[in-house]
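Structure file my_file25.cif (mmCIF, N, CA and C atoms) is printed below.
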```
data_model
loop_
_atom_site.label_atom_id
_atom_site.label_comp_id
_atom_site.auth_asym_id
_atom_site.auth_seq_id
_atom_site.Cartn_x
_atom_site.Cartn_y
_atom_site.Cartn_z
N MET A 1 -6.56 49.17 13.70
CA MET A 1 -7.34 48.17 13.01
C MET A 1 -8.56 47.84 13.86
N ASP A 2 -9.70 47.77 13.22
CA ASP A 2 -10.90 47.45 13.98
C ASP A 2 -11.04 45.94 14.17
N LYS A 3 -11.98 45.58 15.01
CA LYS A 3 -12.17 44.19 15.40
C LYS A 3 -12.50 43.30 14.20
N ARG A 4 -13.32 43.81 13.26
CA ARG A 4 -13.69 43.02 12.08
C ARG A 4 -12.48 42.71 11.21
N SER A 5 -11.61 43.66 11.05
CA SER A 5 -10.40 43.44 10.22
C SER A 5 -9.50 42.39 10.84
N VAL A 6 -9.36 42.43 12.16
CA VAL A 6 -8.53 41.45 12.85
C VAL A 6 -9.12 40.05 12.68
N ILE A 7 -10.43 39.94 12.84
CA ILE A 7 -11.10 38.64 12.70
C ILE A 7 -10.97 38.14 11.27
N ALA A 8 -11.17 39.03 10.29
CA ALA A 8 -11.07 38.65 8.88
C ALA A 8 -9.66 38.16 8.56
N ARG A 9 -8.64 38.84 9.06
CA ARG A 9 -7.26 38.42 8.81
C ARG A 9 -6.96 37.07 9.47
N CYS A 10 -7.44 36.92 10.67
CA CYS A 10 -7.24 35.64 11.37
C CYS A 10 -7.90 34.50 10.62
N LEU A 11 -9.12 34.72 10.15
CA LEU A 11 -9.82 33.69 9.38
C LEU A 11 -9.06 33.38 8.08
N GLY A 12 -8.54 34.41 7.44
CA GLY A 12 -7.76 34.22 6.22
C GLY A 12 -6.53 33.36 6.47
N VAL A 13 -5.82 33.66 7.55
CA VAL A 13 -4.63 32.88 7.90
C VAL A 13 -5.02 31.44 8.20
N LEU A 14 -6.10 31.24 8.93
CA LEU A 14 -6.55 29.89 9.24
C LEU A 14 -6.92 29.12 7.99
N LEU A 15 -7.59 29.78 7.04
CA LEU A 15 -7.95 29.12 5.80
C LEU A 15 -6.71 28.70 5.01
N VAL A 16 -5.72 29.56 4.94
CA VAL A 16 -4.49 29.23 4.24
C VAL A 16 -3.80 28.05 4.90
N LEU A 17 -3.71 28.08 6.22
CA LEU A 17 -3.08 26.97 6.94
C LEU A 17 -3.85 25.67 6.74
N ALA A 18 -5.16 25.73 6.84
CA ALA A 18 -5.98 24.53 6.69
C ALA A 18 -5.85 23.96 5.29
N SER A 19 -5.87 24.80 4.27
CA SER A 19 -5.79 24.28 2.90
C SER A 19 -4.42 23.69 2.62
N SER A 20 -3.35 24.28 3.14
CA SER A 20 -2.02 23.71 2.90
C SER A 20 -1.86 22.40 3.65
N SER A 21 -2.41 22.29 4.84
CA SER A 21 -2.35 21.03 5.59
C SER A 21 -3.13 19.94 4.89
N LEU A 22 -4.28 20.30 4.34
CA LEU A 22 -5.10 19.34 3.62
C LEU A 22 -4.36 18.83 2.39
N GLU A 23 -3.69 19.72 1.69
CA GLU A 23 -2.94 19.34 0.50
C GLU A 23 -1.83 18.35 0.84
N VAL A 24 -1.12 18.59 1.92
CA VAL A 24 -0.06 17.69 2.35
C VAL A 24 -0.64 16.33 2.70
N CYS A 25 -1.77 16.31 3.40
CA CYS A 25 -2.39 15.03 3.78
C CYS A 25 -2.83 14.25 2.55
N VAL A 26 -3.41 14.93 1.58
CA VAL A 26 -3.87 14.25 0.37
C VAL A 26 -2.68 13.68 -0.39
N GLU A 27 -1.59 14.43 -0.50
CA GLU A 27 -0.41 13.92 -1.19
C GLU A 27 0.15 12.72 -0.47
N ALA A 28 0.23 12.77 0.84
CA ALA A 28 0.77 11.64 1.60
C ALA A 28 -0.14 10.43 1.46
N GLU A 29 -1.44 10.66 1.51
CA GLU A 29 -2.38 9.55 1.39
C GLU A 29 -2.29 8.91 0.02
N GLY A 30 -2.16 9.73 -1.03
CA GLY A 30 -2.05 9.20 -2.39
C GLY A 30 -0.79 8.38 -2.56
N ALA A 31 0.30 8.82 -1.96
CA ALA A 31 1.57 8.12 -2.09
C ALA A 31 1.51 6.77 -1.39
N ALA A 32 0.80 6.70 -0.30
CA ALA A 32 0.78 5.47 0.48
C ALA A 32 -0.40 4.57 0.16
N SER A 33 -1.36 5.05 -0.61
CA SER A 33 -2.59 4.28 -0.81
C SER A 33 -2.33 2.94 -1.49
N SER A 34 -1.33 2.86 -2.37
CA SER A 34 -1.07 1.59 -3.03
C SER A 34 -0.42 0.58 -2.08
N CYS A 35 0.11 1.05 -0.96
CA CYS A 35 0.72 0.17 0.03
C CYS A 35 -0.31 -0.32 1.04
N THR A 36 -1.54 -0.40 0.62
CA THR A 36 -2.59 -0.97 1.45
C THR A 36 -3.22 -2.12 0.68
N ILE A 37 -4.02 -2.88 1.34
CA ILE A 37 -4.70 -3.99 0.68
C ILE A 37 -5.61 -3.47 -0.42
N TYR A 38 -6.03 -2.21 -0.32
CA TYR A 38 -6.90 -1.62 -1.33
C TYR A 38 -6.16 -1.40 -2.65
N GLY A 39 -4.83 -1.42 -2.63
CA GLY A 39 -4.05 -1.30 -3.86
C GLY A 39 -4.00 -2.59 -4.66
N ILE A 40 -4.44 -3.69 -4.04
CA ILE A 40 -4.41 -4.99 -4.72
C ILE A 40 -5.74 -5.74 -4.54
N THR A 41 -6.83 -5.02 -4.66
CA THR A 41 -8.15 -5.63 -4.44
C THR A 41 -8.48 -6.72 -5.45
N ASP A 42 -7.93 -6.63 -6.67
CA ASP A 42 -8.21 -7.68 -7.66
C ASP A 42 -7.54 -8.99 -7.29
N CYS A 43 -6.69 -8.97 -6.29
CA CYS A 43 -5.97 -10.18 -5.87
C CYS A 43 -6.66 -10.90 -4.70
N LEU A 44 -7.68 -10.31 -4.14
CA LEU A 44 -8.24 -10.89 -2.92
C LEU A 44 -8.75 -12.31 -3.10
N GLU A 45 -9.25 -12.66 -4.30
CA GLU A 45 -9.72 -14.03 -4.53
C GLU A 45 -8.56 -15.01 -4.66
N ASP A 46 -7.44 -14.55 -5.23
CA ASP A 46 -6.30 -15.42 -5.51
C ASP A 46 -5.27 -15.47 -4.39
N ILE A 47 -5.31 -14.51 -3.50
CA ILE A 47 -4.19 -14.25 -2.60
C ILE A 47 -3.92 -15.36 -1.59
N ASN A 48 -4.92 -16.12 -1.21
CA ASN A 48 -4.72 -17.15 -0.20
C ASN A 48 -4.40 -18.52 -0.77
N SER A 49 -4.35 -18.62 -2.09
CA SER A 49 -3.99 -19.89 -2.71
C SER A 49 -2.50 -19.90 -2.98
N TYR A 50 -1.85 -20.96 -2.59
CA TYR A 50 -0.40 -21.06 -2.81
C TYR A 50 -0.07 -21.42 -4.25
N SER A 51 -1.03 -21.99 -4.97
CA SER A 51 -0.68 -22.50 -6.29
C SER A 51 -1.51 -21.92 -7.44
N ALA A 52 -2.68 -21.40 -7.18
CA ALA A 52 -3.53 -20.92 -8.27
C ALA A 52 -2.86 -19.78 -9.03
N GLN A 53 -3.01 -19.82 -10.35
CA GLN A 53 -2.49 -18.74 -11.18
C GLN A 53 -3.37 -17.51 -10.96
N PRO A 54 -2.79 -16.40 -10.51
CA PRO A 54 -3.58 -15.19 -10.28
C PRO A 54 -4.16 -14.65 -11.58
N SER A 55 -5.25 -13.90 -11.46
CA SER A 55 -5.88 -13.29 -12.63
C SER A 55 -4.95 -12.23 -13.23
N GLN A 56 -5.21 -11.89 -14.48
CA GLN A 56 -4.41 -10.86 -15.14
C GLN A 56 -4.54 -9.52 -14.44
N SER A 57 -5.75 -9.21 -13.95
CA SER A 57 -5.95 -7.92 -13.27
C SER A 57 -5.20 -7.89 -11.94
N CYS A 58 -5.13 -9.03 -11.26
CA CYS A 58 -4.35 -9.12 -10.02
C CYS A 58 -2.87 -8.88 -10.33
N CYS A 59 -2.36 -9.57 -11.33
CA CYS A 59 -0.94 -9.42 -11.67
C CYS A 59 -0.63 -8.00 -12.11
N ALA A 60 -1.58 -7.35 -12.75
CA ALA A 60 -1.38 -5.95 -13.14
C ALA A 60 -1.21 -5.07 -11.90
N GLU A 61 -2.00 -5.35 -10.86
CA GLU A 61 -1.87 -4.59 -9.62
C GLU A 61 -0.54 -4.89 -8.92
N ILE A 62 -0.14 -6.14 -8.91
CA ILE A 62 1.15 -6.51 -8.32
C ILE A 62 2.28 -5.86 -9.12
N PHE A 63 2.16 -5.88 -10.45
CA PHE A 63 3.16 -5.24 -11.30
C PHE A 63 3.25 -3.75 -10.99
N ALA A 64 2.10 -3.10 -10.77
CA ALA A 64 2.10 -1.67 -10.45
C ALA A 64 2.87 -1.41 -9.15
N LEU A 65 2.72 -2.29 -8.17
CA LEU A 65 3.50 -2.17 -6.94
C LEU A 65 4.98 -2.39 -7.23
N GLU A 66 5.26 -3.45 -7.99
CA GLU A 66 6.64 -3.82 -8.27
C GLU A 66 7.38 -2.75 -9.08
N SER A 67 6.65 -2.00 -9.90
CA SER A 67 7.30 -0.96 -10.69
C SER A 67 7.67 0.24 -9.83
N GLY A 68 7.33 0.16 -8.55
CA GLY A 68 7.67 1.23 -7.62
C GLY A 68 9.12 1.22 -7.19
N GLY A 69 9.92 0.32 -7.73
CA GLY A 69 11.34 0.30 -7.44
C GLY A 69 11.70 -0.64 -6.31
N PRO A 70 12.87 -0.41 -5.70
CA PRO A 70 13.40 -1.34 -4.70
C PRO A 70 12.51 -1.50 -3.46
N LYS A 71 11.70 -0.53 -3.16
CA LYS A 71 10.86 -0.61 -1.97
C LYS A 71 9.51 -1.29 -2.26
N ALA A 72 9.33 -1.79 -3.48
CA ALA A 72 8.05 -2.39 -3.86
C ALA A 72 7.69 -3.58 -2.98
N MET A 73 8.67 -4.44 -2.67
CA MET A 73 8.38 -5.60 -1.84
C MET A 73 7.99 -5.16 -0.43
N ASP A 74 8.62 -4.09 0.06
CA ASP A 74 8.23 -3.54 1.36
C ASP A 74 6.79 -3.07 1.33
N CYS A 75 6.40 -2.46 0.21
CA CYS A 75 5.04 -1.97 0.04
C CYS A 75 4.05 -3.14 0.07
N LEU A 76 4.35 -4.19 -0.69
CA LEU A 76 3.49 -5.37 -0.70
C LEU A 76 3.42 -5.99 0.69
N CYS A 77 4.55 -6.07 1.36
CA CYS A 77 4.59 -6.62 2.71
C CYS A 77 3.70 -5.82 3.66
N THR A 78 3.81 -4.50 3.56
CA THR A 78 2.97 -3.62 4.39
C THR A 78 1.50 -3.89 4.12
N ALA A 79 1.16 -4.03 2.84
CA ALA A 79 -0.25 -4.22 2.46
C ALA A 79 -0.81 -5.53 2.99
N VAL A 80 -0.05 -6.62 2.84
CA VAL A 80 -0.60 -7.94 3.17
C VAL A 80 -0.46 -8.32 4.64
N THR A 81 0.29 -7.55 5.40
CA THR A 81 0.42 -7.84 6.83
C THR A 81 -0.31 -6.82 7.69
N SER A 82 -1.08 -5.95 7.06
CA SER A 82 -1.80 -4.91 7.81
C SER A 82 -3.00 -5.51 8.54
N GLU A 83 -3.51 -4.74 9.47
CA GLU A 83 -4.71 -5.14 10.21
C GLU A 83 -5.89 -5.27 9.24
N THR A 84 -5.97 -4.38 8.28
CA THR A 84 -7.07 -4.43 7.30
C THR A 84 -6.98 -5.73 6.50
N ALA A 85 -5.79 -6.11 6.08
CA ALA A 85 -5.62 -7.36 5.34
C ALA A 85 -6.06 -8.54 6.20
N ARG A 86 -5.71 -8.50 7.46
CA ARG A 86 -6.12 -9.58 8.37
C ARG A 86 -7.64 -9.66 8.44
N LEU A 87 -8.29 -8.51 8.49
CA LEU A 87 -9.76 -8.49 8.54
C LEU A 87 -10.38 -9.08 7.26
N TYR A 88 -9.68 -8.94 6.15
CA TYR A 88 -10.13 -9.53 4.89
C TYR A 88 -9.77 -11.01 4.79
N GLY A 89 -9.07 -11.54 5.77
CA GLY A 89 -8.70 -12.94 5.78
C GLY A 89 -7.48 -13.26 4.94
N VAL A 90 -6.64 -12.27 4.70
CA VAL A 90 -5.45 -12.48 3.89
C VAL A 90 -4.41 -13.29 4.67
N ASN A 91 -3.89 -14.32 4.02
CA ASN A 91 -2.82 -15.13 4.57
C ASN A 91 -1.50 -14.54 4.08
N PRO A 92 -0.75 -13.83 4.94
CA PRO A 92 0.48 -13.17 4.48
C PRO A 92 1.50 -14.11 3.85
N LYS A 93 1.62 -15.34 4.36
CA LYS A 93 2.60 -16.28 3.81
C LYS A 93 2.30 -16.59 2.35
N SER A 94 1.05 -16.72 2.02
CA SER A 94 0.67 -16.95 0.63
C SER A 94 0.75 -15.67 -0.18
N ALA A 95 0.32 -14.58 0.40
CA ALA A 95 0.24 -13.31 -0.32
C ALA A 95 1.61 -12.79 -0.76
N ILE A 96 2.63 -13.01 0.05
CA ILE A 96 3.95 -12.49 -0.33
C ILE A 96 4.54 -13.25 -1.52
N GLY A 97 3.93 -14.36 -1.88
CA GLY A 97 4.36 -15.10 -3.06
C GLY A 97 3.72 -14.63 -4.35
N MET A 98 2.87 -13.64 -4.28
CA MET A 98 2.17 -13.17 -5.48
C MET A 98 3.10 -12.69 -6.59
N PRO A 99 4.16 -11.95 -6.31
CA PRO A 99 5.03 -11.52 -7.41
C PRO A 99 5.59 -12.72 -8.20
N GLN A 100 6.04 -13.75 -7.49
CA GLN A 100 6.58 -14.94 -8.16
C GLN A 100 5.48 -15.63 -8.97
N ARG A 101 4.29 -15.75 -8.40
CA ARG A 101 3.19 -16.41 -9.09
C ARG A 101 2.75 -15.63 -10.32
N CYS A 102 3.00 -14.33 -10.32
CA CYS A 102 2.68 -13.49 -11.49
C CYS A 102 3.84 -13.44 -12.48
N GLY A 103 4.93 -14.15 -12.18
CA GLY A 103 6.07 -14.17 -13.09
C GLY A 103 6.94 -12.92 -13.02
N LEU A 104 6.86 -12.20 -11.92
CA LEU A 104 7.65 -10.98 -11.75
C LEU A 104 8.94 -11.29 -10.98
N PRO A 105 9.99 -10.52 -11.22
CA PRO A 105 11.23 -10.76 -10.49
C PRO A 105 11.07 -10.45 -9.01
N VAL A 106 11.71 -11.24 -8.19
CA VAL A 106 11.68 -11.06 -6.74
C VAL A 106 13.09 -10.73 -6.29
N PRO A 107 13.25 -9.69 -5.46
CA PRO A 107 14.59 -9.34 -4.99
C PRO A 107 15.25 -10.51 -4.26
N ARG A 108 16.53 -10.67 -4.47
CA ARG A 108 17.29 -11.74 -3.82
C ARG A 108 17.23 -11.57 -2.30
N HIS A 109 16.98 -12.66 -1.61
CA HIS A 109 16.90 -12.71 -0.15
C HIS A 109 15.83 -11.78 0.41
N ALA A 110 14.75 -11.62 -0.32
CA ALA A 110 13.65 -10.77 0.14
C ALA A 110 12.95 -11.42 1.34
N VAL A 111 12.63 -10.59 2.33
CA VAL A 111 11.88 -11.04 3.51
C VAL A 111 10.74 -10.08 3.78
N CYS A 112 9.73 -10.61 4.42
CA CYS A 112 8.57 -9.82 4.82
C CYS A 112 8.23 -10.23 6.25
N ASN A 113 8.48 -9.36 7.19
CA ASN A 113 8.23 -9.68 8.61
C ASN A 113 8.82 -11.04 8.98
N SER A 114 10.06 -11.25 8.64
CA SER A 114 10.87 -12.44 8.90
C SER A 114 10.44 -13.67 8.09
N MET A 115 9.50 -13.52 7.16
CA MET A 115 9.11 -14.63 6.28
C MET A 115 9.92 -14.52 4.99
N LYS A 116 10.51 -15.63 4.55
CA LYS A 116 11.23 -15.63 3.28
C LYS A 116 10.22 -15.52 2.14
N VAL A 117 10.48 -14.59 1.22
CA VAL A 117 9.59 -14.39 0.08
C VAL A 117 9.91 -15.42 -1.00
N PRO A 118 8.90 -16.19 -1.44
CA PRO A 118 9.13 -17.17 -2.49
C PRO A 118 9.73 -16.53 -3.74
N GLY A 119 10.76 -17.19 -4.27
CA GLY A 119 11.43 -16.69 -5.46
C GLY A 119 12.66 -15.86 -5.15
N GLY A 120 12.82 -15.46 -3.90
CA GLY A 120 13.96 -14.64 -3.53
C GLY A 120 15.10 -15.43 -2.90
N TRP A 121 14.88 -16.73 -2.78
CA TRP A 121 15.88 -17.57 -2.11
C TRP A 121 16.21 -18.75 -3.00
N PRO A 122 17.51 -19.03 -3.17
CA PRO A 122 17.91 -20.17 -4.03
C PRO A 122 17.55 -21.51 -3.41
#
```
Do you think you could lay out the structure here as structure tokens?
Amino acid sequence: MDKRSVIARCLGVLLVLASSSLEVCVEAEGAASSCTIYGITDCLEDINSYSAQPSQSCCAEIFALESGGPKAMDCLCTAVTSETARLYGVNPKSAIGMPQRCGLPVPRHAVCNSMKVPGGWP
């Protein structure tokens, strides 16, 4: 095999590896993207109020998280306690109450970073 063929094959292998790695990263990013503050951007105005009724678009975003199954509260917790959320001025204690304020069911005895989630405790 000449030098050009070896280089061409090596480049081909590298391209295949790079494209498969990129695909995995995109899938992982898509799966986790809703577990960031960017998954609930319509809530940023309402999130720090303990009593204000959230907007319909905010509740739709919270509902989308909640429809993710049993780990939905973990996802919301991750989103509102992240460094990015802190930079946006999100108050996690108020933010974890969003499902209850939107009229959504809250898992019994739900906690978020040792904070009791409103609606999950009798």
Report the residues retrieved by the PyMOL selection byres ((chain A and resi 43) around 7) from the displayed file, expressed as an mmCIF file with N, CA and C atoms, keeping the file's coordinate frame.
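Output file expr_32.cif is given in full below:
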```cif
data_model
loop_
_atom_site.group_PDB
_atom_site.id
_atom_site.type_symbol
_atom_site.label_atom_id
_atom_site.label_comp_id
_atom_site.auth_asym_id
_atom_site.auth_seq_id
_atom_site.Cartn_x
_atom_site.Cartn_y
_atom_site.Cartn_z
ATOM 1 N N ILE A 40 -4.440 -3.690 -4.040
ATOM 2 C CA ILE A 40 -4.410 -4.990 -4.720
ATOM 3 C C ILE A 40 -5.740 -5.740 -4.540
ATOM 4 N N THR A 41 -6.830 -5.020 -4.660
ATOM 5 C CA THR A 41 -8.150 -5.630 -4.440
ATOM 6 C C THR A 41 -8.480 -6.720 -5.450
ATOM 7 N N ASP A 42 -7.930 -6.630 -6.670
ATOM 8 C CA ASP A 42 -8.210 -7.680 -7.660
ATOM 9 C C ASP A 42 -7.540 -8.990 -7.290
ATOM 10 N N LEU A 44 -7.680 -10.310 -4.140
ATOM 11 C CA LEU A 44 -8.240 -10.890 -2.920
ATOM 12 C C LEU A 44 -8.750 -12.310 -3.100
ATOM 13 N N GLU A 45 -9.250 -12.660 -4.300
ATOM 14 C CA GLU A 45 -9.720 -14.030 -4.530
ATOM 15 C C GLU A 45 -8.560 -15.010 -4.660
ATOM 16 N N ASP A 46 -7.440 -14.550 -5.230
ATOM 17 C CA ASP A 46 -6.300 -15.420 -5.510
ATOM 18 C C ASP A 46 -5.270 -15.470 -4.390
ATOM 19 N N ILE A 47 -5.310 -14.510 -3.500
ATOM 20 C CA ILE A 47 -4.190 -14.250 -2.600
ATOM 21 C C ILE A 47 -3.920 -15.360 -1.590
ATOM 22 N N ASN A 48 -4.920 -16.120 -1.210
ATOM 23 C CA ASN A 48 -4.720 -17.150 -0.200
ATOM 24 C C ASN A 48 -4.400 -18.520 -0.770
ATOM 25 N N SER A 55 -5.250 -13.900 -11.460
ATOM 26 C CA SER A 55 -5.880 -13.290 -12.630
ATOM 27 C C SER A 55 -4.950 -12.230 -13.230
ATOM 28 N N SER A 57 -5.750 -9.210 -13.950
ATOM 29 C CA SER A 57 -5.950 -7.920 -13.270
ATOM 30 C C SER A 57 -5.200 -7.890 -11.940
ATOM 31 N N CYS A 58 -5.130 -9.030 -11.260
ATOM 32 C CA CYS A 58 -4.350 -9.120 -10.020
ATOM 33 C C CYS A 58 -2.870 -8.880 -10.330
ATOM 34 N N CYS A 59 -2.360 -9.570 -11.330
ATOM 35 C CA CYS A 59 -0.940 -9.420 -11.670
ATOM 36 C C CYS A 59 -0.630 -8.000 -12.110
#
```
>> I'd like the interatomic distance between CA of Glu83 (chain A) and CA of Trp121 (chain A), to a tenth of an Å.
In response: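 CA of Trp121 (chain A) lies 27.0 Å from CA of Glu83 (chain A).
Considering all atoms listed in the file, the residue among A:Lys116, A:Arg108, A:Arg101, A:Lys71 positioned nearest to Gln53 (chain A) is A:Arg101.
Distance-wise, CA of Pro99 (chain A) and atom C of Thr78 (chain A) end up 14.3 Å apart.
Taking CA of Ala85 (chain A) and atom N of Pro122 (chain A) as endpoints, the distance between them is 27.3 Å.
You can rank A:Arg86, A:Ser114, A:Cys35, A:Pro54 by their closest distance to Asp74 (chain A) using all atoms listed in the file, and at the top of that list sits A:Cys35.
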>> Here's the selection I'm unsure about, the PyMOL selection byres (((chain A and resi 117 and name CA) around 10) and name CA); applied to the file above, which residues does it give, as a VMD selection string?
In response: chain A and resid 73 77 93 to 100 106 to 116 118 to 121
> as a PyMOL selection string, which residues of region 42-104 of chain A does DSSP assign to alpha helix (DSSP H)?
Replying inline: chain A and resi 56-66+72-80+83-87+92-95+98-101
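In terms of minimum interatomic distance to Leu104 (chain A), A:Ile62 ranks closest within A:Tyr50, A:Ile62, A:Leu76, A:Val90, counting all atoms listed in the file.
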Since the input has fewer atoms than a full residue there, write region 44-53 of chain A out with all heavy atoms, as a CSV table (one decimal), in the frame of the given file.
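See out-v7.csv below for the written result:
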```
chain,number,residue,atom,x,y,z
A,44,LEU,N,-7.7,-10.3,-4.1
A,44,LEU,CA,-8.2,-10.9,-2.9
A,44,LEU,C,-8.8,-12.3,-3.1
A,44,LEU,O,-8.7,-13.1,-2.2
A,44,LEU,CB,-9.3,-10.0,-2.4
A,44,LEU,CG,-8.8,-8.7,-1.8
A,44,LEU,CD1,-10.0,-7.8,-1.3
A,44,LEU,CD2,-7.9,-8.9,-0.6
A,45,GLU,N,-9.2,-12.7,-4.3
A,45,GLU,CA,-9.7,-14.0,-4.5
A,45,GLU,C,-8.6,-15.0,-4.7
A,45,GLU,O,-8.7,-16.2,-4.3
A,45,GLU,CB,-10.6,-14.1,-5.8
A,45,GLU,CG,-12.0,-13.5,-5.6
A,45,GLU,CD,-12.8,-13.6,-6.8
A,45,GLU,OE1,-12.6,-14.6,-7.6
A,45,GLU,OE2,-13.7,-12.8,-7.0
A,46,ASP,N,-7.4,-14.6,-5.2
A,46,ASP,CA,-6.3,-15.4,-5.5
A,46,ASP,C,-5.3,-15.5,-4.4
A,46,ASP,O,-4.4,-16.4,-4.4
A,46,ASP,CB,-5.6,-14.9,-6.8
A,46,ASP,CG,-6.5,-14.8,-8.0
A,46,ASP,OD1,-7.3,-15.7,-8.2
A,46,ASP,OD2,-6.4,-13.8,-8.7
A,47,ILE,N,-5.3,-14.5,-3.5
A,47,ILE,CA,-4.2,-14.2,-2.6
A,47,ILE,C,-3.9,-15.4,-1.6
A,47,ILE,O,-2.8,-15.6,-1.2
A,47,ILE,CB,-4.4,-12.9,-1.9
A,47,ILE,CG1,-3.1,-12.2,-1.7
A,47,ILE,CG2,-5.2,-13.0,-0.7
A,47,ILE,CD1,-3.1,-10.7,-1.4
A,48,ASN,N,-4.9,-16.1,-1.2
A,48,ASN,CA,-4.7,-17.2,-0.2
A,48,ASN,C,-4.4,-18.5,-0.8
A,48,ASN,O,-4.2,-19.5,0.0
A,48,ASN,CB,-5.9,-17.2,0.7
A,48,ASN,CG,-6.0,-16.1,1.7
A,48,ASN,OD1,-4.9,-15.5,2.0
A,48,ASN,ND2,-7.2,-15.7,2.1
A,49,SER,N,-4.4,-18.6,-2.1
A,49,SER,CA,-4.0,-19.9,-2.7
A,49,SER,C,-2.5,-19.9,-3.0
A,49,SER,O,-2.0,-19.0,-3.5
A,49,SER,CB,-4.8,-20.0,-4.0
A,49,SER,OG,-4.2,-21.1,-4.7
A,50,TYR,N,-1.8,-21.0,-2.6
A,50,TYR,CA,-0.4,-21.1,-2.8
A,50,TYR,C,-0.1,-21.4,-4.2
A,50,TYR,O,1.0,-21.2,-4.7
A,50,TYR,CB,0.2,-22.1,-1.9
A,50,TYR,CG,0.3,-21.6,-0.4
A,50,TYR,CD1,-0.7,-21.9,0.5
A,50,TYR,CD2,1.4,-20.9,0.0
A,50,TYR,CE1,-0.6,-21.5,1.8
A,50,TYR,CE2,1.5,-20.4,1.3
A,50,TYR,CZ,0.5,-20.8,2.2
A,50,TYR,OH,0.6,-20.3,3.5
A,51,SER,N,-1.0,-22.0,-5.0
A,51,SER,CA,-0.7,-22.5,-6.3
A,51,SER,C,-1.5,-21.9,-7.4
A,51,SER,O,-1.1,-22.0,-8.6
A,51,SER,CB,-0.8,-24.0,-6.3
A,51,SER,OG,-2.1,-24.4,-6.0
A,52,ALA,N,-2.7,-21.4,-7.2
A,52,ALA,CA,-3.5,-20.9,-8.3
A,52,ALA,C,-2.9,-19.8,-9.0
A,52,ALA,O,-2.2,-18.9,-8.4
A,52,ALA,CB,-4.9,-20.4,-7.7
A,53,GLN,N,-3.0,-19.8,-10.4
A,53,GLN,CA,-2.5,-18.7,-11.2
A,53,GLN,C,-3.4,-17.5,-11.0
A,53,GLN,O,-4.6,-17.6,-11.2
A,53,GLN,CB,-2.5,-19.1,-12.7
A,53,GLN,CG,-2.1,-18.1,-13.6
A,53,GLN,CD,-0.6,-17.6,-13.4
A,53,GLN,OE1,0.2,-18.4,-13.1
A,53,GLN,NE2,-0.4,-16.3,-13.5
```
